[in-house]
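In what follows, a single structure is set out as structure tokens and then discussed.
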Amino acid sequence: MPVITLHYEDLEKLTGTDKETIIKRVPMIGADIERVEDEYVDIEFFPDRPDLYSVEGAARAMRGFLDIETGLPEYEIKPYNVSISISEDILNIRPFLGCAVVRGVKFTSSSIKSLMDLQEDLHWGLGRNRKKVSIGVHDLKNVKPPFRYMAVDPGFEFVPLDYTEKMSMTEILEKHPKGTRFAHLVKGFDKYPIILDANDNVLSFPPIINGTLTTVTEQTTDLFIDVTGLGEAVYTALNIVVTALAERGGQIEFVRVIRPGGEEFILPDLEPKERLLTTEEVKSLIGMELSVDEIVKQLERMRFGACALDKETVEVKVPAYRADILHNYDLVEDIAKGYGYENIKVRVPETYTAGKSHPISLMRASVNEIMVGLGYYEVMPFTLTSEKINFENMCRPKTDDVTYVLHPISEDQTILRTTVLPNLLEILALNQHRELPQKIFEFGEVVSNEITGQHVAAVSIHPQANFTEVYEVVDALMREMMLSYEVKESEDPAFLEGRRADVYVNGKKLGVFGEFHPEVISNFSLGYAVVGFELDLNDIIDKNI
């Protein structure tokens with residue numbers, strides 16, 4: 001989740017209250033305070049609220065939550081003086097474009113940093129690391145509209161941000177730090193996206209880098225914002241950016257967007273979306289009977305527009321910058337926040353139930369106690385991984401039981417892991433600066449054929465690590481779990497031939513242990529011998545063994 005730095009000078013000015021009050025109350029709108037410093041506070045906002053990823057957005061929300069300024073924020077938008085045309089050849093590359101102009105902004109070094117941080121956090125939160133959404137913010141004084149969004153040959157040259165010499169777009173992708181990082185987003189295309197002004201000056205090479213000509217400085221007052229991408233999240237990102245700038249005193253101005261064929265529309269569209277909410281919906285989720293007047297009051301505290309249509313129904317206007325309101329349930333959650341979770345009355349459940357520990361929890365506690373007793377430290381890595389880590393680095397063939405992530409946020413998190421050992425080896429790779437030996441284990445989930453299972457795995461790294469060591473650990477674990485087992489020669493390619501074994505209980509294979517193959521050790525950039533084991537505990541938990 002993004003951690004947002006809020007400087008007290010900005011925060012108090014934009015909120016209209018003191019920092020102590022804000023720090024005390026801000027966790028109740030869905031945030032965790034990371035650290036409190038002399039000049040700023042770092043706050044981790046939940047990922048479903050990208051509109052809070054800036055001091056301006058956080059201040060807007062806090063003004064409502066503290067009853068300083070409630071209700072739907074309204075932003076005046078001036079008629080357009082700027083237009084941009086979209087060429088036909090860009091539609092199969094990066095077809096969505098949102099634009100706006102904001103004038104009269106007074107920047108300081110901290111407000112520029114806030115804007116740049118908002119831009120990058122939106123790239124991550126809404127944009128899937130710029131794939132779905134990328135944002136360009138430009139100083140208008142050095143460029144001349146009308147603008148053009150088009151595709152050009154990779155040999156096209158301009159001076160990219162932070163450079164002084166011209167580079168071709170191909171060179172930018174090969175040499176510029178931003179280019180090498182995001183080159184995969186335009187890989188496979190014969191032409192690349194670009195935004196030009198009337199004099200062929202470059203504003204942006206989306207989603208890679210801006211031109212240096214439009215760099216934002218403390219002298220900048222008028223901005224042109226472009227947001228490109230693959231879907232309608234482009235317009236949400238645009239609304240978040242322009243309303244944040246408007247909170248700082250900027251004047252929003254429409255931009256006329258001309259699509260191929262002559263179709264025209266103007267952006268940004270800040271019209272709120274309307275929903276109907278009933279008192280019964282609120283009661284069913286919160287468990288309290290709130291009147292329509294109370295519901296309206298709490299919605300306005302959370303910066304919605306709201307009015308009672310009758311004694312049971314409320315018309316709600318959702319701000320255009322709220323990307324998280326997908327269902328009425330989301331409105332009810334905000335009502336609970338506005339009312340205050342601490343003010344919701346405690347009530348004894350009408351139905352009495354007796355709880356007990358889940359078999360998985362019992363097994364976890366038992367295994368953890370055994371492994372800690374054997375000198376291993378518990379770790380908790382992510383269950384998301386990649387095919388490269390899960391299979392290629394382990395020298396194992398790819399299997400058909402993999403569950404893929406539909407919209408991965410990075411190339412490192414594309415599948416749900418089918419085995420635990422690769423994650424443990426990754427942790428060893430990240431801790432090579434620590435002294436040896438290192439012995440770690442995890443009792444964790446794996447997913448195979450869309451079915452969740454429980455595995456325990458452990459690894460040990462030091463110069464003398466060998467087959468005997470890991471055999472002794474497996475033997476101790478099985479003995480403490482009171483399981484009779486046998487071992488047979490293994491063919492797992494992740495381990496050295498002759499120094500690997502499969503574990504069987506009642507004729508069923510539970511797992512494998514041994515010395516890792518030198519190629520596996522090299523793939524994870526480890527410099528010492530590594531041994532490890534992994535056991536499938538599902539049947540033991542279910543008592544099928």
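Numbering starts fresh at 1 for the residues of each chain in the structure tokens, the chains themselves are lettered A, B, ... in the order given, and ligands are numbered from 1 as they appear.
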
Report task. Write down as a list in words the residues belonging to region 348-435 of chain A that are assigned strand (DSSP E or B) by DSSP computed on the backbone. Result ->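 Here are the strand (DSSP E or B) residues of region 348-435 of chain A: Tyr377, Glu378, Leu384, Thr385, Thr403, Tyr404, Ile415 and Leu416 of chain A.
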
Can you list every residue of region 428-501 of chain A that has an atom at most 12 Å from region 388-394 of chain A, with its nearest atom pair and the distance in Å to one decimal, using only C-alpha atoms, ordered by chain then number, as CSV?
```
residue,atom,partner,partner_atom,distance
A:Val446,CA,A:Asn390,CA,11.3
A:Asp492,CA,A:Met394,CA,9.7
A:Pro493,CA,A:Met394,CA,7.7
A:Ala494,CA,A:Met394,CA,5.3
A:Phe495,CA,A:Met394,CA,8.8
A:Leu496,CA,A:Met394,CA,11.8
```

Those selected residues, please, written with C-alpha atoms and delivered as a PDB file, in the first residue's frame.
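Dumped everything to part-v3.pdb:
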```pdb
ATOM      1  CA  VAL A 446      -0.022 -23.349  -1.971  1.00  0.00           C
ATOM      2  CA  ASP A 492      13.199 -34.129  -8.381  1.00  0.00           C
ATOM      3  CA  PRO A 493      15.523 -32.056 -10.648  1.00  0.00           C
ATOM      4  CA  ALA A 494      15.760 -29.281  -8.047  1.00  0.00           C
ATOM      5  CA  PHE A 495      18.054 -31.506  -5.986  1.00  0.00           C
ATOM      6  CA  LEU A 496      21.353 -33.290  -6.620  1.00  0.00           C
TER       7      LEU A 496
END
```

Query - Spatial neighbours of Asp536 (chain A), 8 Å, only C-alpha atoms, chain gap at least 3 places, as a list in words - result: Gly453, Gln454, His455, Val456, Leu510, Gly511 and Asp539 of chain A

Query raised in the report: What lies within 9 Å of His184 (chain A) using only C-alpha atoms, ignoring chain neighbours under 4 positions off, as a ChimeraX atom specification?
Result: /A:173,180,188

Dump as a PDB file, in the first residue's frame, selection limited to N, CA and C atoms:
```pdb
ATOM      1  N   LEU A 173      14.435   3.801 -24.933  1.00  0.00           N
ATOM      2  CA  LEU A 173      14.050   2.493 -24.389  1.00  0.00           C
ATOM      3  C   LEU A 173      15.258   1.654 -24.008  1.00  0.00           C
ATOM      4  N   THR A 180      14.311   1.902 -20.025  1.00  0.00           N
ATOM      5  CA  THR A 180      14.628   0.482 -19.818  1.00  0.00           C
ATOM      6  C   THR A 180      13.635  -0.178 -18.864  1.00  0.00           C
ATOM      7  N   GLY A 188       6.851  -4.813 -29.252  1.00  0.00           N
ATOM      8  CA  GLY A 188       6.049  -5.464 -30.288  1.00  0.00           C
ATOM      9  C   GLY A 188       5.330  -4.520 -31.225  1.00  0.00           C
TER      10      GLY A 188
END
```

Would you give me, as a compact mmCIF listing (two decimals) with all heavy atoms, in the first residue's frame, the residues in region 32-278 of chain A that DSSP reads as alpha helix (DSSP H)?
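Contents of the output file part.txt:
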```
# COMPACT_ATOMS: atom_id res chain seq x y z
N VAL A 55 -1.56 15.18 -0.42
CA VAL A 55 -1.94 16.01 0.71
C VAL A 55 -3.25 16.74 0.42
O VAL A 55 -4.08 16.95 1.32
CB VAL A 55 -0.81 17.01 1.06
CG1 VAL A 55 -0.56 17.98 -0.09
CG2 VAL A 55 -1.13 17.77 2.33
N GLU A 56 -3.49 17.09 -0.86
CA GLU A 56 -4.72 17.78 -1.22
C GLU A 56 -5.93 16.87 -1.03
O GLU A 56 -6.97 17.29 -0.49
CB GLU A 56 -4.66 18.27 -2.68
CG GLU A 56 -3.56 19.28 -2.94
CD GLU A 56 -2.21 18.64 -3.28
OE1 GLU A 56 -2.13 17.39 -3.29
OE2 GLU A 56 -1.26 19.40 -3.53
N GLY A 57 -5.82 15.62 -1.51
CA GLY A 57 -6.94 14.69 -1.37
C GLY A 57 -7.20 14.32 0.08
O GLY A 57 -8.36 14.22 0.51
N ALA A 58 -6.12 14.11 0.85
CA ALA A 58 -6.28 13.78 2.26
C ALA A 58 -6.92 14.94 3.02
O ALA A 58 -7.79 14.74 3.88
CB ALA A 58 -4.93 13.41 2.86
N ALA A 59 -6.49 16.18 2.70
CA ALA A 59 -7.06 17.35 3.37
C ALA A 59 -8.54 17.50 3.05
O ALA A 59 -9.35 17.83 3.92
CB ALA A 59 -6.30 18.61 2.95
N ARG A 60 -8.92 17.26 1.80
CA ARG A 60 -10.33 17.35 1.39
C ARG A 60 -11.18 16.37 2.20
O ARG A 60 -12.26 16.71 2.71
CB ARG A 60 -10.45 17.06 -0.10
CG ARG A 60 -11.87 16.98 -0.63
CD ARG A 60 -11.85 16.75 -2.13
NE ARG A 60 -11.08 15.56 -2.47
CZ ARG A 60 -10.47 15.37 -3.65
NH1 ARG A 60 -10.56 16.29 -4.59
NH2 ARG A 60 -9.79 14.26 -3.88
N ALA A 61 -10.70 15.13 2.33
CA ALA A 61 -11.44 14.12 3.09
C ALA A 61 -11.52 14.48 4.57
O ALA A 61 -12.57 14.31 5.20
CB ALA A 61 -10.79 12.76 2.90
N MET A 62 -10.41 14.99 5.12
CA MET A 62 -10.38 15.30 6.55
C MET A 62 -11.26 16.50 6.88
O MET A 62 -11.84 16.57 7.97
CB MET A 62 -8.95 15.56 7.01
CG MET A 62 -8.08 14.30 7.07
SD MET A 62 -8.81 12.99 8.08
CE MET A 62 -8.90 13.77 9.68
N ARG A 63 -11.40 17.45 5.97
CA ARG A 63 -12.29 18.58 6.23
C ARG A 63 -13.72 18.10 6.44
O ARG A 63 -14.45 18.62 7.29
CB ARG A 63 -12.23 19.60 5.08
CG ARG A 63 -10.94 20.38 4.99
CD ARG A 63 -11.11 21.66 4.17
NE ARG A 63 -11.62 21.43 2.84
CZ ARG A 63 -10.88 21.16 1.77
NH1 ARG A 63 -9.56 21.06 1.91
NH2 ARG A 63 -11.42 20.98 0.59
N GLY A 64 -14.12 17.13 5.65
CA GLY A 64 -15.45 16.58 5.83
C GLY A 64 -15.56 15.76 7.10
O GLY A 64 -16.51 15.91 7.88
N PHE A 65 -14.58 14.89 7.32
CA PHE A 65 -14.61 13.98 8.47
C PHE A 65 -14.62 14.74 9.78
O PHE A 65 -15.19 14.29 10.78
CB PHE A 65 -13.41 13.04 8.39
CG PHE A 65 -13.50 11.84 9.28
CD1 PHE A 65 -14.48 10.88 9.09
CD2 PHE A 65 -12.61 11.67 10.33
CE1 PHE A 65 -14.57 9.77 9.91
CE2 PHE A 65 -12.68 10.57 11.16
CZ PHE A 65 -13.67 9.61 10.95
N SER A 109 8.31 23.71 -3.56
CA SER A 109 9.04 22.45 -3.74
C SER A 109 8.26 21.28 -3.17
O SER A 109 8.22 20.19 -3.76
CB SER A 109 10.42 22.54 -3.08
OG SER A 109 10.30 22.84 -1.70
N SER A 110 7.60 21.48 -2.02
CA SER A 110 6.85 20.38 -1.40
C SER A 110 5.59 20.06 -2.19
O SER A 110 5.21 18.88 -2.30
CB SER A 110 6.49 20.72 0.05
OG SER A 110 5.62 21.83 0.12
N SER A 111 4.92 21.08 -2.77
CA SER A 111 3.71 20.79 -3.54
C SER A 111 4.04 20.13 -4.87
O SER A 111 3.26 19.30 -5.36
CB SER A 111 2.90 22.07 -3.77
OG SER A 111 3.64 23.03 -4.50
N ILE A 112 5.19 20.46 -5.46
CA ILE A 112 5.63 19.75 -6.67
C ILE A 112 5.90 18.29 -6.35
O ILE A 112 5.50 17.39 -7.08
CB ILE A 112 6.89 20.42 -7.27
CG1 ILE A 112 6.53 21.78 -7.87
CG2 ILE A 112 7.51 19.52 -8.35
CD1 ILE A 112 7.72 22.54 -8.41
N LYS A 113 6.57 18.05 -5.23
CA LYS A 113 6.84 16.67 -4.82
C LYS A 113 5.54 15.92 -4.56
O LYS A 113 5.39 14.74 -4.93
CB LYS A 113 7.71 16.63 -3.57
CG LYS A 113 8.13 15.21 -3.16
CD LYS A 113 9.03 15.21 -1.94
CE LYS A 113 9.54 13.81 -1.66
NZ LYS A 113 8.46 12.81 -1.48
N SER A 114 4.56 16.58 -3.94
CA SER A 114 3.26 15.95 -3.70
C SER A 114 2.60 15.55 -5.00
O SER A 114 2.04 14.45 -5.13
CB SER A 114 2.35 16.90 -2.91
OG SER A 114 1.06 16.36 -2.75
N LEU A 115 2.68 16.43 -6.02
CA LEU A 115 2.08 16.13 -7.32
C LEU A 115 2.79 14.96 -7.99
O LEU A 115 2.14 14.06 -8.54
CB LEU A 115 2.14 17.37 -8.21
CG LEU A 115 1.63 17.21 -9.64
CD1 LEU A 115 0.17 16.78 -9.66
CD2 LEU A 115 1.83 18.51 -10.43
N MET A 116 4.13 14.96 -7.96
CA MET A 116 4.88 13.87 -8.58
C MET A 116 4.63 12.54 -7.86
O MET A 116 4.53 11.49 -8.49
CB MET A 116 6.38 14.19 -8.57
CG MET A 116 6.77 15.43 -9.38
SD MET A 116 6.28 15.35 -11.12
CE MET A 116 4.96 16.58 -11.18
N ASP A 117 4.53 12.61 -6.52
CA ASP A 117 4.24 11.39 -5.75
C ASP A 117 2.85 10.87 -6.07
O ASP A 117 2.64 9.65 -6.19
CB ASP A 117 4.35 11.66 -4.25
CG ASP A 117 5.79 11.85 -3.80
OD1 ASP A 117 6.71 11.51 -4.57
OD2 ASP A 117 6.00 12.35 -2.67
N LEU A 118 1.88 11.79 -6.21
CA LEU A 118 0.53 11.38 -6.60
C LEU A 118 0.54 10.70 -7.95
O LEU A 118 -0.09 9.64 -8.15
CB LEU A 118 -0.39 12.61 -6.64
CG LEU A 118 -1.79 12.39 -7.22
CD1 LEU A 118 -2.58 11.39 -6.37
CD2 LEU A 118 -2.55 13.71 -7.33
N GLN A 119 1.28 11.26 -8.88
CA GLN A 119 1.41 10.69 -10.22
C GLN A 119 1.93 9.26 -10.16
O GLN A 119 1.35 8.34 -10.75
CB GLN A 119 2.34 11.59 -11.05
CG GLN A 119 2.53 11.17 -12.49
CD GLN A 119 3.48 12.12 -13.21
OE1 GLN A 119 3.94 13.12 -12.66
NE2 GLN A 119 3.79 11.81 -14.44
N GLU A 120 3.01 9.04 -9.42
CA GLU A 120 3.61 7.71 -9.35
C GLU A 120 2.74 6.72 -8.58
O GLU A 120 2.65 5.55 -8.94
CB GLU A 120 5.01 7.79 -8.73
CG GLU A 120 6.03 8.46 -9.62
CD GLU A 120 6.09 7.83 -11.01
OE1 GLU A 120 6.13 6.58 -11.10
OE2 GLU A 120 6.06 8.58 -12.01
N ASP A 121 2.07 7.20 -7.52
CA ASP A 121 1.19 6.31 -6.76
C ASP A 121 -0.02 5.89 -7.59
O ASP A 121 -0.49 4.75 -7.48
CB ASP A 121 0.74 6.99 -5.46
CG ASP A 121 1.86 7.09 -4.44
OD1 ASP A 121 2.76 6.22 -4.45
OD2 ASP A 121 1.85 8.03 -3.63
N LEU A 122 -0.52 6.79 -8.42
CA LEU A 122 -1.62 6.42 -9.32
C LEU A 122 -1.15 5.47 -10.40
O LEU A 122 -1.90 4.57 -10.82
CB LEU A 122 -2.23 7.67 -9.95
CG LEU A 122 -3.03 8.58 -9.01
CD1 LEU A 122 -3.49 9.84 -9.74
CD2 LEU A 122 -4.23 7.84 -8.44
N HIS A 123 0.09 5.64 -10.86
CA HIS A 123 0.66 4.67 -11.81
C HIS A 123 0.62 3.27 -11.22
O HIS A 123 0.35 2.29 -11.92
CB HIS A 123 2.11 5.04 -12.15
CG HIS A 123 2.22 6.18 -13.09
ND1 HIS A 123 3.37 6.94 -13.21
CD2 HIS A 123 1.35 6.71 -13.98
CE1 HIS A 123 3.18 7.87 -14.12
NE2 HIS A 123 1.97 7.75 -14.60
N TRP A 124 0.89 3.18 -9.92
CA TRP A 124 0.89 1.87 -9.25
C TRP A 124 -0.53 1.42 -8.93
O TRP A 124 -0.93 0.30 -9.24
CB TRP A 124 1.72 1.94 -7.97
CG TRP A 124 1.65 0.68 -7.17
CD1 TRP A 124 2.39 -0.46 -7.33
CD2 TRP A 124 0.75 0.41 -6.07
NE1 TRP A 124 2.01 -1.40 -6.41
CE2 TRP A 124 1.01 -0.90 -5.64
CE3 TRP A 124 -0.24 1.16 -5.43
CZ2 TRP A 124 0.33 -1.49 -4.56
CZ3 TRP A 124 -0.94 0.58 -4.38
CH2 TRP A 124 -0.65 -0.72 -3.95
N GLY A 125 -1.33 2.30 -8.28
CA GLY A 125 -2.62 1.89 -7.76
C GLY A 125 -3.67 1.66 -8.83
O GLY A 125 -4.39 0.66 -8.81
N MET A 169 13.59 7.45 -29.91
CA MET A 169 12.72 6.70 -29.00
C MET A 169 13.30 5.31 -28.72
O MET A 169 13.19 4.79 -27.61
CB MET A 169 11.31 6.62 -29.58
CG MET A 169 10.68 8.00 -29.78
SD MET A 169 9.10 7.99 -30.65
CE MET A 169 7.96 7.77 -29.30
N THR A 170 13.95 4.74 -29.72
CA THR A 170 14.62 3.45 -29.52
C THR A 170 15.75 3.58 -28.50
O THR A 170 15.89 2.74 -27.59
CB THR A 170 15.19 2.92 -30.84
OG1 THR A 170 14.12 2.74 -31.78
CG2 THR A 170 15.91 1.59 -30.64
N GLU A 171 16.53 4.66 -28.61
CA GLU A 171 17.61 4.88 -27.65
C GLU A 171 17.08 5.11 -26.24
O GLU A 171 17.68 4.66 -25.26
CB GLU A 171 18.46 6.08 -28.10
CG GLU A 171 19.30 5.82 -29.34
CD GLU A 171 20.02 7.07 -29.82
OE1 GLU A 171 19.45 8.18 -29.69
OE2 GLU A 171 21.15 6.94 -30.32
N ILE A 172 15.96 5.81 -26.14
CA ILE A 172 15.35 6.04 -24.82
C ILE A 172 15.00 4.71 -24.16
O ILE A 172 15.25 4.50 -22.97
CB ILE A 172 14.11 6.93 -24.95
CG1 ILE A 172 14.53 8.35 -25.32
CG2 ILE A 172 13.29 6.94 -23.65
CD1 ILE A 172 13.37 9.27 -25.67
N LEU A 173 14.43 3.80 -24.93
CA LEU A 173 14.05 2.49 -24.39
C LEU A 173 15.26 1.65 -24.01
O LEU A 173 15.16 0.77 -23.15
CB LEU A 173 13.19 1.74 -25.40
CG LEU A 173 11.85 2.39 -25.78
CD1 LEU A 173 11.12 1.54 -26.80
CD2 LEU A 173 10.98 2.60 -24.56
N GLU A 174 16.40 1.94 -24.63
CA GLU A 174 17.60 1.14 -24.37
C GLU A 174 18.53 1.76 -23.34
O GLU A 174 19.27 1.04 -22.65
CB GLU A 174 18.38 0.94 -25.68
CG GLU A 174 17.65 0.09 -26.71
CD GLU A 174 18.37 0.05 -28.04
OE1 GLU A 174 19.33 0.86 -28.22
OE2 GLU A 174 17.99 -0.76 -28.91
N LYS A 175 18.49 3.11 -23.18
CA LYS A 175 19.49 3.78 -22.36
C LYS A 175 18.93 4.62 -21.21
O LYS A 175 19.58 4.76 -20.18
CB LYS A 175 20.36 4.68 -23.25
CG LYS A 175 21.12 3.93 -24.34
CD LYS A 175 21.89 4.90 -25.24
CE LYS A 175 22.63 4.14 -26.35
NZ LYS A 175 23.36 5.08 -27.24
N PRO A 177 16.89 5.48 -17.93
CA PRO A 177 16.42 4.62 -16.82
C PRO A 177 14.93 4.33 -16.89
O PRO A 177 14.51 3.19 -16.67
CB PRO A 177 16.77 5.45 -15.57
CG PRO A 177 17.93 6.30 -15.99
CD PRO A 177 17.69 6.63 -17.43
N LYS A 178 14.12 5.34 -17.20
CA LYS A 178 12.68 5.11 -17.33
C LYS A 178 12.38 4.25 -18.55
O LYS A 178 11.47 3.42 -18.55
CB LYS A 178 11.93 6.44 -17.44
CG LYS A 178 11.95 7.30 -16.18
CD LYS A 178 11.08 6.72 -15.10
CE LYS A 178 10.99 7.67 -13.91
NZ LYS A 178 10.21 7.10 -12.79
N GLY A 179 13.15 4.47 -19.62
CA GLY A 179 12.93 3.71 -20.84
C GLY A 179 13.19 2.23 -20.66
O GLY A 179 12.40 1.38 -21.07
N THR A 180 14.31 1.90 -20.03
CA THR A 180 14.63 0.48 -19.82
C THR A 180 13.64 -0.18 -18.86
O THR A 180 13.32 -1.36 -19.01
CB THR A 180 16.06 0.32 -19.26
OG1 THR A 180 16.18 1.09 -18.04
CG2 THR A 180 17.08 0.84 -20.26
N ARG A 181 13.12 0.61 -17.91
CA ARG A 181 12.19 0.04 -16.93
C ARG A 181 10.83 -0.28 -17.54
O ARG A 181 10.19 -1.27 -17.18
CB ARG A 181 12.02 1.02 -15.77
CG ARG A 181 11.11 0.50 -14.66
CD ARG A 181 11.01 1.52 -13.53
NE ARG A 181 10.09 1.07 -12.50
CZ ARG A 181 9.71 1.80 -11.47
NH1 ARG A 181 10.20 3.03 -11.33
NH2 ARG A 181 8.86 1.33 -10.59
N PHE A 182 10.37 0.58 -18.48
CA PHE A 182 9.02 0.42 -19.00
C PHE A 182 8.98 0.06 -20.48
O PHE A 182 7.91 0.11 -21.10
CB PHE A 182 8.22 1.70 -18.76
CG PHE A 182 8.04 2.03 -17.30
CD1 PHE A 182 8.73 3.11 -16.74
CD2 PHE A 182 7.23 1.27 -16.50
CE1 PHE A 182 8.57 3.42 -15.40
CE2 PHE A 182 7.07 1.57 -15.16
CZ PHE A 182 7.74 2.64 -14.59
N ALA A 233 -10.23 3.63 -16.69
CA ALA A 233 -9.52 4.08 -15.49
C ALA A 233 -8.74 5.36 -15.78
O ALA A 233 -8.40 6.11 -14.86
CB ALA A 233 -8.58 2.98 -14.99
N VAL A 234 -8.47 5.62 -17.06
CA VAL A 234 -7.81 6.85 -17.49
C VAL A 234 -8.58 8.07 -16.98
O VAL A 234 -7.98 9.03 -16.47
CB VAL A 234 -7.71 6.88 -19.03
CG1 VAL A 234 -7.51 8.28 -19.56
CG2 VAL A 234 -6.58 5.96 -19.51
N TYR A 235 -9.91 8.05 -17.11
CA TYR A 235 -10.71 9.21 -16.73
C TYR A 235 -10.77 9.39 -15.21
O TYR A 235 -10.80 10.52 -14.72
CB TYR A 235 -12.11 9.07 -17.32
CG TYR A 235 -12.12 8.80 -18.80
CD1 TYR A 235 -12.82 7.73 -19.35
CD2 TYR A 235 -11.38 9.60 -19.67
CE1 TYR A 235 -12.80 7.47 -20.71
CE2 TYR A 235 -11.36 9.36 -21.03
CZ TYR A 235 -12.07 8.28 -21.54
OH TYR A 235 -12.03 8.03 -22.89
N THR A 236 -10.76 8.28 -14.48
CA THR A 236 -10.72 8.38 -13.01
C THR A 236 -9.41 9.00 -12.55
O THR A 236 -9.41 9.88 -11.68
CB THR A 236 -10.88 6.98 -12.39
OG1 THR A 236 -12.11 6.39 -12.84
CG2 THR A 236 -10.88 7.06 -10.87
N ALA A 237 -8.30 8.56 -13.14
CA ALA A 237 -7.00 9.12 -12.79
C ALA A 237 -6.95 10.61 -13.10
O ALA A 237 -6.43 11.41 -12.31
CB ALA A 237 -5.89 8.39 -13.53
N LEU A 238 -7.49 11.00 -14.24
CA LEU A 238 -7.53 12.43 -14.62
C LEU A 238 -8.32 13.22 -13.58
O LEU A 238 -7.88 14.29 -13.14
CB LEU A 238 -8.16 12.57 -16.00
CG LEU A 238 -8.33 14.00 -16.51
CD1 LEU A 238 -6.98 14.64 -16.77
CD2 LEU A 238 -9.19 14.03 -17.77
N ASN A 239 -9.47 12.70 -13.17
CA ASN A 239 -10.30 13.41 -12.19
C ASN A 239 -9.59 13.58 -10.85
O ASN A 239 -9.71 14.62 -10.19
CB ASN A 239 -11.62 12.67 -12.00
CG ASN A 239 -12.50 12.72 -13.23
OD1 ASN A 239 -12.30 13.56 -14.10
ND2 ASN A 239 -13.45 11.81 -13.33
N ILE A 240 -8.85 12.55 -10.44
CA ILE A 240 -8.13 12.62 -9.17
C ILE A 240 -7.06 13.70 -9.23
O ILE A 240 -6.90 14.50 -8.30
CB ILE A 240 -7.51 11.25 -8.82
CG1 ILE A 240 -8.62 10.24 -8.49
CG2 ILE A 240 -6.53 11.37 -7.66
CD1 ILE A 240 -8.12 8.83 -8.32
N VAL A 241 -6.32 13.77 -10.33
CA VAL A 241 -5.23 14.73 -10.46
C VAL A 241 -5.77 16.16 -10.52
O VAL A 241 -5.30 17.06 -9.81
CB VAL A 241 -4.36 14.43 -11.69
CG1 VAL A 241 -3.33 15.54 -11.91
CG2 VAL A 241 -3.65 13.09 -11.53
N VAL A 242 -6.79 16.40 -11.36
CA VAL A 242 -7.25 17.79 -11.54
C VAL A 242 -7.96 18.31 -10.30
O VAL A 242 -7.84 19.50 -9.96
CB VAL A 242 -8.14 17.94 -12.80
CG1 VAL A 242 -7.38 17.59 -14.05
CG2 VAL A 242 -9.43 17.15 -12.68
N THR A 243 -8.70 17.45 -9.60
CA THR A 243 -9.37 17.93 -8.38
C THR A 243 -8.36 18.17 -7.27
O THR A 243 -8.56 19.07 -6.44
CB THR A 243 -10.45 16.94 -7.91
OG1 THR A 243 -9.88 15.63 -7.73
CG2 THR A 243 -11.59 16.87 -8.92
N ALA A 244 -7.28 17.40 -7.24
CA ALA A 244 -6.21 17.66 -6.26
C ALA A 244 -5.59 19.03 -6.52
O ALA A 244 -5.34 19.81 -5.59
CB ALA A 244 -5.15 16.57 -6.32
N LEU A 245 -5.35 19.36 -7.78
CA LEU A 245 -4.79 20.66 -8.13
C LEU A 245 -5.78 21.79 -7.85
O LEU A 245 -5.39 22.89 -7.45
CB LEU A 245 -4.37 20.67 -9.60
CG LEU A 245 -3.15 19.81 -9.95
CD1 LEU A 245 -3.01 19.66 -11.46
CD2 LEU A 245 -1.88 20.39 -9.34
N ALA A 246 -7.06 21.50 -8.04
CA ALA A 246 -8.07 22.51 -7.73
C ALA A 246 -8.14 22.79 -6.24
O ALA A 246 -8.39 23.92 -5.82
CB ALA A 246 -9.44 22.04 -8.23
N GLU A 247 -7.88 21.77 -5.42
CA GLU A 247 -7.85 21.97 -3.98
C GLU A 247 -6.71 22.92 -3.58
O GLU A 247 -6.76 23.57 -2.54
CB GLU A 247 -7.67 20.63 -3.26
CG GLU A 247 -8.86 19.70 -3.34
CD GLU A 247 -10.04 20.21 -2.55
OE1 GLU A 247 -9.83 20.94 -1.57
OE2 GLU A 247 -11.19 19.88 -2.92
```

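The residue that comes closest to Lys166 (chain A), out of A:Phe533, A:Ser361, A:Val202, A:Tyr528 and on the basis of only C-alpha atoms, is A:Val202.
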
Query raised in the report: Any idea what's packed within 9 Å of region 137-153 of chain A, counting only C-alpha atoms, ignoring anything in its chain fewer than 4 positions away? Could you give it as a VMD selection string?
Result: chain A and resid 81 to 91 93 97 101 115 to 116 119 169 190 to 204 210 to 211 213 to 217 220 to 227

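CA of Gly527 (chain A) to CA of Ile427 (chain A) spans 13.7 Å [interatomic distance, one decimal].
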
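If you look at CA of Phe304 (chain A) and CA of Phe107 (chain A), they are 28.4 Å away from each other.
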
Report task. Measuring atom to atom with only C-alpha atoms, identify which of A:Gly287, A:Ile22, A:Ile451, A:Leu331 is nearest to Val348 (chain A). Result ->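 Of the candidates, the smallest distance to Val348 (chain A) is held by A:Gly287.
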
Requested in this report: Can you pull out every residue within 12 Å of Leu477 (chain A), counting only C-alpha atoms, but drop anything in the same chain fewer than 2 positions away, and send it as a PyMOL selection string?
Outcome: chain A and resi 366-374+376+456-458+470-475+479-485+503+533-535

Report task. Write out as JSON, numbers by chain the residues lying within 8 Å of region 129-131 of chain A, counting only C-alpha atoms and excluding same-chain residues fewer than 5 positions away. Result -> {"A": [123, 124, 185, 207, 229, 230, 409, 410]}
